[in-house]
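*Asks:* Got a file for you: start09.cif, mmCIF, C-alpha atoms.
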```cif
data_protein
#
loop_
_atom_site.label_atom_id
_atom_site.label_comp_id
_atom_site.auth_asym_id
_atom_site.auth_seq_id
_atom_site.Cartn_x
_atom_site.Cartn_y
_atom_site.Cartn_z
CA MET A 1230 -3.40 -1.84 152.46
CA ASP A 1231 -4.63 -2.98 149.07
CA ARG A 1232 -1.86 -3.01 146.50
CA GLY A 1233 -2.14 -1.59 143.01
CA SER A 1234 -0.37 -2.94 139.98
CA SER A 1235 3.07 -2.20 141.50
CA GLU A 1236 4.64 -1.60 144.87
CA ILE A 1237 4.72 1.87 146.42
CA VAL A 1238 8.09 3.47 147.10
CA LEU A 1239 7.90 6.57 149.30
CA ILE A 1240 10.89 8.89 148.90
CA ALA A 1241 11.55 11.86 151.16
CA GLY A 1242 14.32 14.41 150.96
CA ASN A 1243 15.47 16.62 153.82
CA SER A 1244 12.48 18.95 153.81
CA HIS A 1245 10.07 17.16 156.17
CA PRO A 1246 11.11 13.62 157.26
CA ASP A 1247 8.61 13.57 160.14
CA LEU A 1248 5.64 14.02 157.79
CA ALA A 1249 7.05 11.41 155.42
CA HIS A 1250 7.32 8.82 158.21
CA LYS A 1251 3.76 9.53 159.36
CA ILE A 1252 2.44 9.01 155.83
CA ALA A 1253 4.49 5.83 155.44
CA SER A 1254 3.16 4.45 158.72
CA LEU A 1255 -0.44 5.06 157.64
CA LEU A 1256 0.21 3.35 154.30
CA GLY A 1257 1.99 0.41 155.91
CA VAL A 1258 5.20 0.98 153.96
CA ARG A 1259 8.64 2.25 154.86
CA VAL A 1260 10.34 5.42 153.71
CA GLY A 1261 12.78 4.60 150.90
CA ASN A 1262 16.51 4.93 151.31
CA CYS A 1263 17.40 8.36 149.89
CA SER A 1264 19.96 11.02 150.76
CA VAL A 1265 20.13 14.60 149.56
CA TYR A 1266 23.31 16.63 149.96
CA HIS A 1267 25.37 19.41 148.38
CA SER A 1268 28.55 18.62 146.49
CA SER A 1269 31.71 20.71 146.75
CA ASN A 1270 30.47 23.02 143.98
CA ARG A 1271 27.14 23.49 145.86
CA GLU A 1272 25.11 21.46 143.39
CA THR A 1273 22.32 19.41 144.95
CA VAL A 1274 22.92 15.67 144.69
CA VAL A 1275 20.20 13.06 145.22
CA ASP A 1276 21.25 9.48 145.90
CA ILE A 1277 18.49 6.84 145.91
CA GLY A 1278 19.81 3.77 147.62
CA GLU A 1279 17.37 1.16 146.35
CA SER A 1280 15.80 -0.05 143.13
CA VAL A 1281 12.68 1.79 141.90
CA ARG A 1282 12.37 -0.06 138.60
CA GLY A 1283 8.74 -0.92 137.84
CA ARG A 1284 7.48 0.71 141.04
CA ASP A 1285 5.22 3.67 141.74
CA VAL A 1286 7.39 6.32 143.37
CA TYR A 1287 5.88 9.06 145.53
CA ILE A 1288 8.18 11.94 146.49
CA ILE A 1289 7.30 13.85 149.66
CA GLN A 1290 8.52 17.42 149.28
CA THR A 1291 7.27 20.38 151.28
CA GLY A 1292 7.56 24.05 150.48
CA SER A 1293 10.01 26.57 151.89
CA ASN A 1294 10.11 30.29 152.53
CA LYS A 1295 12.08 30.78 149.31
CA GLN A 1296 9.51 28.78 147.33
CA SER A 1297 6.64 30.71 148.87
CA LYS A 1298 8.18 33.96 147.66
CA MET A 1299 8.87 32.48 144.21
CA ARG A 1300 5.26 31.53 143.67
CA LYS A 1301 4.21 35.12 144.30
CA ARG A 1302 6.18 36.14 141.20
CA GLY A 1303 3.35 35.03 138.95
CA CYS A 1304 2.76 32.88 135.93
CA ILE A 1305 6.28 32.95 134.45
CA VAL A 1306 7.86 31.10 137.38
CA SER A 1307 4.82 28.80 137.64
CA LYS A 1308 5.08 27.85 133.99
CA LEU A 1309 8.83 27.28 134.33
CA LEU A 1310 8.38 25.00 137.34
CA ALA A 1311 5.60 23.06 135.60
CA THR A 1312 7.80 22.52 132.54
CA MET A 1313 10.75 21.39 134.65
CA MET A 1314 8.60 18.91 136.59
CA SER A 1315 7.14 17.50 133.39
CA LYS A 1316 10.59 17.12 131.81
CA ALA A 1317 11.82 15.39 134.97
CA GLY A 1318 9.22 12.65 134.46
CA LEU A 1319 6.54 13.49 137.03
CA THR A 1320 3.12 12.12 136.05
CA HIS A 1321 0.92 13.27 138.96
CA ILE A 1322 1.09 15.95 141.66
CA ILE A 1323 -0.72 16.11 144.99
CA THR A 1324 -0.74 19.61 146.45
CA MET A 1325 -2.32 21.21 149.50
CA ASP A 1326 -4.09 24.58 149.32
CA LEU A 1327 -2.18 26.17 146.46
CA HIS A 1328 -1.62 29.88 147.05
CA GLN A 1329 -2.89 30.48 143.50
CA LYS A 1330 -5.23 27.78 142.19
CA GLU A 1331 -4.61 28.89 138.60
CA ILE A 1332 -1.17 27.25 138.83
CA GLN A 1333 -2.87 23.91 138.16
CA GLY A 1334 -3.49 24.98 134.57
CA PHE A 1335 0.22 25.10 133.78
CA PHE A 1336 0.68 21.35 134.18
CA ASN A 1337 0.01 18.84 131.41
CA PHE A 1338 -0.68 16.01 133.87
CA PRO A 1339 -3.16 15.58 136.77
CA VAL A 1340 -2.88 17.89 139.78
CA ASP A 1341 -5.00 17.13 142.86
CA ASN A 1342 -5.15 20.23 145.04
CA LEU A 1343 -6.28 18.94 148.44
CA ARG A 1344 -7.87 21.21 151.06
CA ALA A 1345 -7.09 21.48 154.75
CA SER A 1346 -10.34 23.30 155.59
CA PRO A 1347 -12.17 20.21 157.01
CA PHE A 1348 -9.31 19.69 159.50
CA LEU A 1349 -9.22 23.36 160.49
CA LEU A 1350 -13.01 23.46 160.83
CA GLN A 1351 -12.84 20.42 163.08
CA TYR A 1352 -10.20 22.15 165.20
CA ILE A 1353 -12.50 25.14 165.65
CA GLN A 1354 -15.40 22.94 166.73
CA GLU A 1355 -13.40 20.72 169.07
CA SER A 1356 -10.65 22.96 170.46
CA ILE A 1357 -12.07 26.49 170.71
CA PRO A 1358 -14.34 26.79 173.75
CA ASP A 1359 -17.61 28.59 173.04
CA TYR A 1360 -16.84 28.80 169.32
CA ARG A 1361 -20.53 29.54 168.74
CA ASN A 1362 -19.76 33.01 170.05
CA ALA A 1363 -17.10 33.50 167.37
CA VAL A 1364 -16.97 35.56 164.20
CA ILE A 1365 -14.86 34.62 161.17
CA VAL A 1366 -12.60 37.49 160.10
CA ALA A 1367 -11.21 38.21 156.66
CA ARG A 1368 -7.86 39.95 157.16
CA ASN A 1369 -8.44 41.87 153.92
CA PRO A 1370 -11.16 41.94 151.24
CA GLY A 1371 -9.16 39.45 149.16
CA SER A 1372 -9.73 36.69 151.73
CA ALA A 1373 -13.45 37.43 152.17
CA LYS A 1374 -14.52 34.43 150.05
CA LYS A 1375 -12.55 31.99 152.19
CA ALA A 1376 -13.86 33.59 155.38
CA THR A 1377 -17.43 33.43 154.08
CA SER A 1378 -17.02 29.73 153.27
CA TYR A 1379 -15.88 29.00 156.84
CA ALA A 1380 -18.61 31.16 158.35
CA GLU A 1381 -21.38 29.50 156.35
CA ARG A 1382 -20.34 25.97 157.33
CA LEU A 1383 -19.97 26.93 161.00
CA ARG A 1384 -23.11 29.11 160.88
CA LEU A 1385 -21.21 32.09 162.24
CA GLY A 1386 -21.03 35.75 161.36
CA ILE A 1387 -18.29 37.37 159.31
CA ALA A 1388 -16.23 40.56 159.61
CA VAL A 1389 -13.87 42.10 157.07
CA ILE A 1390 -10.85 44.31 157.76
CA HIS A 1391 -10.27 46.89 155.04
CA GLY A 1392 -7.91 49.78 154.49
CA GLU A 1393 -4.79 47.67 155.02
CA GLN A 1394 -4.17 46.63 151.44
CA LYS A 1395 -0.50 45.74 151.30
CA GLU A 1396 1.37 46.16 148.03
CA SER A 1397 1.95 42.85 146.35
CA GLU A 1398 5.52 41.77 145.75
CA SER A 1399 5.04 42.03 142.00
CA ASP A 1400 4.01 45.67 142.35
CA GLU A 1401 7.12 46.41 144.37
CA VAL A 1402 9.56 45.03 141.83
CA ASP A 1403 8.10 46.10 138.49
CA GLY A 1404 7.96 49.80 139.30
CA ARG A 1405 4.36 50.31 138.21
CA ASN A 1406 3.75 52.52 141.24
CA SER A 1407 6.90 54.59 140.74
CA PRO A 1408 6.56 58.17 139.42
CA PRO A 1409 7.56 58.70 135.79
CA VAL A 1410 11.11 59.91 135.23
CA VAL A 1411 11.26 63.40 133.69
CA PRO A 1412 14.21 63.80 131.29
CA SER A 1413 16.83 66.32 132.40
CA SER A 1414 16.85 68.12 129.03
CA ARG A 1415 14.18 68.69 126.41
CA THR A 1416 14.11 70.67 123.20
CA MET A 1417 10.78 72.12 124.27
CA ASP A 1418 10.31 72.49 128.00
CA VAL A 1419 7.46 74.97 127.82
CA GLY A 1420 4.79 74.09 130.35
CA LEU A 1421 6.77 71.48 132.22
CA ASP A 1422 6.51 73.51 135.39
CA LEU A 1423 2.77 73.75 134.86
CA MET A 1424 2.24 69.97 134.81
CA PRO A 1425 0.27 68.93 137.90
CA VAL A 1426 2.22 66.75 140.30
CA PRO A 1427 0.10 63.73 141.23
CA ALA A 1428 -0.67 63.66 144.91
CA ALA A 1429 0.52 60.72 146.93
CA LYS A 1430 -2.20 58.11 147.22
CA GLU A 1431 -3.41 57.97 150.78
CA LYS A 1432 -4.35 54.64 152.25
CA PRO A 1433 -7.81 54.55 153.76
CA PRO A 1434 -7.91 54.18 157.55
CA ILE A 1435 -7.97 50.62 158.81
CA ASN A 1436 -11.45 49.63 159.87
CA VAL A 1437 -13.56 46.58 160.62
CA VAL A 1438 -16.84 45.93 158.87
CA GLY A 1439 -18.82 43.73 161.20
CA ASP A 1440 -19.35 43.40 164.95
CA VAL A 1441 -16.58 41.68 166.93
CA GLY A 1442 -17.34 43.22 170.32
CA GLY A 1443 -17.46 40.57 173.03
CA ARG A 1444 -16.78 37.84 170.46
CA ILE A 1445 -14.03 35.40 169.57
CA ALA A 1446 -12.32 36.54 166.36
CA ILE A 1447 -11.00 33.81 164.04
CA MET A 1448 -8.87 34.93 161.09
CA VAL A 1449 -8.47 32.36 158.29
CA ASP A 1450 -5.91 32.31 155.47
CA ASP A 1451 -4.01 29.85 153.27
CA LEU A 1452 -0.56 30.65 154.68
CA ILE A 1453 1.11 32.71 157.35
CA ASP A 1454 4.69 33.88 156.94
CA ASP A 1455 5.37 37.58 157.51
CA VAL A 1456 3.06 38.12 160.46
CA GLU A 1457 3.11 41.91 160.76
CA SER A 1458 -0.28 42.29 159.06
CA PHE A 1459 -1.81 39.58 161.26
CA VAL A 1460 -0.44 41.28 164.37
CA ALA A 1461 -1.81 44.66 163.26
CA ALA A 1462 -5.19 43.09 162.52
CA ALA A 1463 -5.23 41.45 165.95
CA GLU A 1464 -4.56 44.80 167.64
CA LEU A 1465 -7.45 46.35 165.74
CA LEU A 1466 -9.78 43.49 166.63
CA LYS A 1467 -8.77 43.83 170.29
CA GLU A 1468 -9.56 47.54 170.15
CA ARG A 1469 -12.98 46.71 168.71
CA GLY A 1470 -13.77 44.45 171.65
CA ALA A 1471 -12.78 40.92 170.59
CA TYR A 1472 -11.78 39.03 173.74
CA LYS A 1473 -9.93 36.15 172.03
CA ILE A 1474 -8.15 36.10 168.68
CA TYR A 1475 -7.19 33.04 166.66
CA VAL A 1476 -5.35 32.72 163.34
CA LEU A 1477 -5.90 29.58 161.26
CA ALA A 1478 -3.83 28.85 158.17
CA THR A 1479 -2.85 25.80 156.15
CA HIS A 1480 0.85 26.52 155.70
CA GLY A 1481 2.83 27.83 158.66
CA ILE A 1482 6.06 29.17 157.17
CA LEU A 1483 6.58 31.56 160.11
CA SER A 1484 10.00 32.79 159.01
CA SER A 1485 12.37 35.30 160.54
CA GLU A 1486 10.96 37.04 163.64
CA ALA A 1487 7.43 35.60 163.26
CA PRO A 1488 7.45 33.48 166.48
CA ARG A 1489 8.59 36.41 168.63
CA LEU A 1490 6.08 38.79 167.05
CA ILE A 1491 3.25 36.31 167.63
CA GLU A 1492 4.35 35.71 171.23
CA ASP A 1493 4.26 39.46 171.98
CA SER A 1494 1.00 40.12 170.10
CA ALA A 1495 -2.70 40.12 170.97
CA ILE A 1496 -3.11 36.82 169.11
CA ASP A 1497 -4.06 33.98 171.45
CA GLU A 1498 -3.34 31.06 169.10
CA VAL A 1499 -1.94 30.45 165.63
CA VAL A 1500 -3.15 27.11 164.25
CA VAL A 1501 -1.40 25.64 161.20
CA THR A 1502 -1.09 22.19 159.66
CA ASN A 1503 2.12 20.18 159.54
CA SER A 1504 2.45 20.67 155.76
CA ILE A 1505 5.67 22.55 156.56
CA PRO A 1506 7.96 21.72 159.52
CA HIS A 1507 7.83 24.35 162.25
CA GLU A 1508 9.05 22.60 165.41
CA VAL A 1509 11.75 25.22 165.96
CA GLN A 1510 9.15 27.99 165.77
CA LYS A 1511 6.94 26.18 168.29
CA MET A 1512 9.82 26.08 170.77
CA GLN A 1513 10.08 29.87 170.45
CA CYS A 1514 6.33 30.54 170.73
CA HIS A 1515 3.87 28.56 172.84
CA LYS A 1516 0.91 30.04 170.92
CA ILE A 1517 1.61 27.98 167.76
CA LYS A 1518 -0.53 24.83 167.50
CA THR A 1519 -0.38 22.07 164.87
CA VAL A 1520 -3.07 20.09 163.06
CA ASP A 1521 -1.87 16.82 161.51
CA ILE A 1522 -2.92 16.31 157.86
CA SER A 1523 -0.80 13.21 157.16
CA ILE A 1524 -3.93 11.03 157.03
CA LEU A 1525 -5.29 13.11 154.14
CA LEU A 1526 -2.07 12.85 152.13
CA ALA A 1527 -1.78 9.13 152.84
CA GLU A 1528 -5.34 8.49 151.68
CA ALA A 1529 -4.72 10.50 148.51
CA ILE A 1530 -1.66 8.38 147.71
CA ARG A 1531 -3.57 5.17 148.44
CA ARG A 1532 -6.45 6.15 146.17
CA ILE A 1533 -4.19 7.20 143.29
CA HIS A 1534 -2.13 4.04 143.62
CA ASN A 1535 -5.24 1.83 143.56
CA LYS A 1536 -6.86 3.90 140.78
CA GLU A 1537 -9.78 4.88 143.02
CA SER A 1538 -11.86 8.06 142.85
CA MET A 1539 -10.48 11.14 144.58
CA SER A 1540 -13.88 12.82 144.89
CA TYR A 1541 -14.38 11.52 148.44
CA LEU A 1542 -11.47 13.68 149.63
CA PHE A 1543 -13.23 16.80 148.34
CA ARG A 1544 -16.47 16.32 150.26
CA ASN A 1545 -17.40 19.27 152.47
CA VAL A 1546 -15.03 21.43 150.44
CA THR A 1547 -16.17 24.55 148.59
CA LEU A 1548 -14.68 26.40 145.64
CA GLU A 1549 -13.70 29.24 147.99
CA ASP A 1550 -11.42 27.03 150.11
#
```
As structure tokens - that is how I would like this structure written.

*Replies:*
Amino acid sequence: MDRGSSEIVLIAGNSHPDLAHKIASLLGVRVGNCSVYHSSNRETVVDIGESVRGRDVYIIQTGSNKQSKMRKRGCIVSKLLATMMSKAGLTHIITMDLHQKEIQGFFNFPVDNLRASPFLLQYIQESIPDYRNAVIVARNPGSAKKATSYAERLRLGIAVIHGEQKESESDEVDGRNSPPVVPSSRTMDVGLDLMPVPAAKEKPPINVVGDVGGRIAIMVDDLIDDVESFVAAAELLKERGAYKIYVLATHGILSSEAPRLIEDSAIDEVVVTNSIPHEVQKMQCHKIKTVDISILLAEAIRRIHNKESMSYLFRNVTLED
């Protein structure tokens, strides 16, 4: 590979050594000597066993289930993480399909948010037989833009599942949906018994807008972790006549009972990238398939190191991805 002004040092912790070695192989470098462990007081200790002075260091770090839940907490945690990374000396971040794209605005240095959609689109075209008879499905109205983007590029129809709006984690913890507390004593309680009690908000019945009868249904999302909603959506699509059901997502966290639930569900395949290690989950569920995106990350590192344009990596990518 062409060298920039300094040598590349690729550092990987314990999160995803397999991905780090694939990236290193594509770049023609080795993974740097680094160990990460917990001390007796449970503090995380990082020991880099080689000199990095005057070199460009790239740290390969993947997400976790805990981090995926943290990022759902909103802008406060995002701002805190951005500040910590900046103070630590980071000067550039390469991400993949951020759950919330607005997070990029919290950083005071460049953030390149790569997209996995070209790889997932290629999987659909090459690995799903008769994909022309498919329909792209948005699991809820919030993912309709992403589904529309896939459908337009594949020239397929789209269907949207509605009525299954799940409460966000922020709504569950801040109490905004809780009923107001009525004080036990008041100086004037006249009319309290006449106050109307708000009726419980009923969820609309789950339904599918769009025809999936006799078609292949392909649900697309940015990540898949708690799979109950995907399983429920698959059952509905099966009832509406879909004869095969696929789920495509960038990040396959697949925590807890996800592999078992997928194995027992109407879903035929769950396709995720190797942005997060999930080999254990694949041993528990034969329906989980992996798309390798190491070549995209390696090319991003190469271009940044050689001060080349990153625009090439965003070809065939839309704002909805």

*Asks:* Which residues match the PyMOL selection byres ((chain A and resi 1446) around 6) in the file above, as a list in words?

*Replies:*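 Expected selection for the PyMOL selection byres ((chain A and resi 1446) around 6) here is Ala1363, Val1364, Ile1445, Ile1447 and Ile1474 of chain A.
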
*Asks:* What lies within 7 Å of Gly1242 of chain A using all atoms listed in the file, ignoring chain neighbours under 5 positions off, as a list in words?

*Replies:*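 The filter keeps Cys1263, Ser1264, Val1265 and Gln1290 of chain A.
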
*Asks:* Between atom CA of Arg1344 of chain A and atom CA of Asp1440 of chain A, what distance in Å does the model show, to one decimal?

*Replies:*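 Computing it gives 28.6 Å between the two atoms.
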
*Asks:* Tell me, as a PDB file with C-alpha atoms, in the frame of the given file, which residues lie within 10 Å of Ala1253 of chain A, counting only C-alpha atoms; anything in the same chain fewer than 4 positions away does not count.

*Replies:*
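What ended up in around00.pdb:
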```
ATOM      1  CA  ILE A1237       4.720   1.870 146.420  1.00  0.00           C
ATOM      2  CA  VAL A1238       8.090   3.470 147.100  1.00  0.00           C
ATOM      3  CA  LEU A1239       7.900   6.570 149.300  1.00  0.00           C
ATOM      4  CA  ILE A1240      10.890   8.890 148.900  1.00  0.00           C
ATOM      5  CA  ASP A1247       8.610  13.570 160.140  1.00  0.00           C
ATOM      6  CA  LEU A1248       5.640  14.020 157.790  1.00  0.00           C
ATOM      7  CA  ALA A1249       7.050  11.410 155.420  1.00  0.00           C
ATOM      8  CA  GLY A1257       1.990   0.410 155.910  1.00  0.00           C
ATOM      9  CA  VAL A1258       5.200   0.980 153.960  1.00  0.00           C
ATOM     10  CA  ARG A1259       8.640   2.250 154.860  1.00  0.00           C
ATOM     11  CA  VAL A1260      10.340   5.420 153.710  1.00  0.00           C
ATOM     12  CA  GLY A1261      12.780   4.600 150.900  1.00  0.00           C
ATOM     13  CA  SER A1523      -0.800  13.210 157.160  1.00  0.00           C
ATOM     14  CA  ALA A1527      -1.780   9.130 152.840  1.00  0.00           C
TER      15      ALA A1527
END
```

*Asks:* Considering all atoms listed in the file, state which residue in the set A:His1328, A:Leu1256, A:Tyr1266, A:Phe1543 is at the smallest distance from Tyr1287 of chain A.

*Replies:*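 For Tyr1287 of chain A, the nearest of the given residues is A:Leu1256.
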
*Asks:* Skip segment 1376-1378 of chain A itself and residues of its chain fewer than 2 positions away, then list as a list in words all residues within 7 Å of it, counting only C-alpha atoms.

*Replies:*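 Counting only the stated atoms, we get Ile1365, Val1366, Ala1367, Ser1372, Ala1373, Lys1374, Ala1380, Glu1381, Arg1382, Ile1387, Val1449, Glu1549 and Asp1550 of chain A.
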
*Asks:* To one decimal in Å, tell me the separation between atom CA of Ala1461 of chain A and atom CA of Gly1371 of chain A.

*Replies:*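 We find that atom CA of Ala1461 of chain A and atom CA of Gly1371 of chain A lie 16.7 Å from each other.
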
*Asks:* Once the PyMOL selection byres ((chain A and resi 1515-1521) around 7) is applied to the coordinates I shared, what remains selected? I want it as a PyMOL selection string.

*Replies:* chain A and resi 1492+1497-1503+1511-1514+1522-1523

*Asks:* Mind pulling up the distance from atom CA of Ser1485 of chain A to atom CA of Met1325 of chain A?

*Replies:*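 One can read the atom CA of Met1325 of chain A to atom CA of Ser1485 of chain A distance as 23.2 Å.
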
*Asks:* Which residue out of A:Tyr1541, A:Gly1392, A:Asp1285, A:Ala1478 has the minimum interatomic distance to Phe1348 of chain A when all atoms listed in the file are used?

*Replies:*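 Closest to Phe1348 of chain A of all the choices is A:Ala1478.
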
*Asks:* On this file, the PyMOL selection byres ((chain A and resi 1320) around 10) gives some set of residues; write that set as number ranges by chain.

*Replies:* A: 1314-1319, 1321-1322, 1336-1340

*Asks:* Would you please work out which residue, of A:Thr1547, A:Glu1457, A:Leu1452, A:Ala1388, is nearest to His1480 of chain A when using all atoms listed in the file?

*Replies:*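 Nearest to His1480 of chain A: A:Leu1452.
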
*Asks:* Within 10 Å of Ala1462 of chain A, counting only C-alpha atoms, which residues show up once you throw out same-chain ones fewer than 3 positions away? Write them as a ChimeraX atom specification, please.

*Replies:* /A:1366-1369,1390-1391,1393,1435-1437,1448,1456-1459,1465-1468,1474,1495-1496

*Asks:* Using all atoms listed in the file, determine which residues lie at most 10 Å from Ser1484 of chain A, disregarding the query and same-chain residues fewer than 3 positions distant; provide the list as an MDAnalysis selection string.

*Replies:* chainID A and resid 1293:1294 1453:1456 1481 1487:1488 1507 1510

*Asks:* Calculated over all atoms listed in the file, which of the candidates A:Pro1370, A:Asp1359, A:Leu1525, A:Val1438 has the smallest distance to Tyr1472 of chain A?

*Replies:*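 Using all atoms listed in the file, the shortest distance to Tyr1472 of chain A belongs to A:Asp1359.
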
*Asks:* Dump as an MDAnalysis selection string all residues having an atom at most 10 Å from (-5.6, 24.7, 142.6), computed in the file's coordinates with all atoms listed in the file.

*Replies:* chainID A and resid 1324:1334 1340:1344 1548 1550

*Asks:* Which is closer to Ala1463 of chain A than all the others in A:Val1509, A:Val1441, A:Leu1255, A:Ile1482, using all atoms listed in the file?

*Replies:* A:Val1441
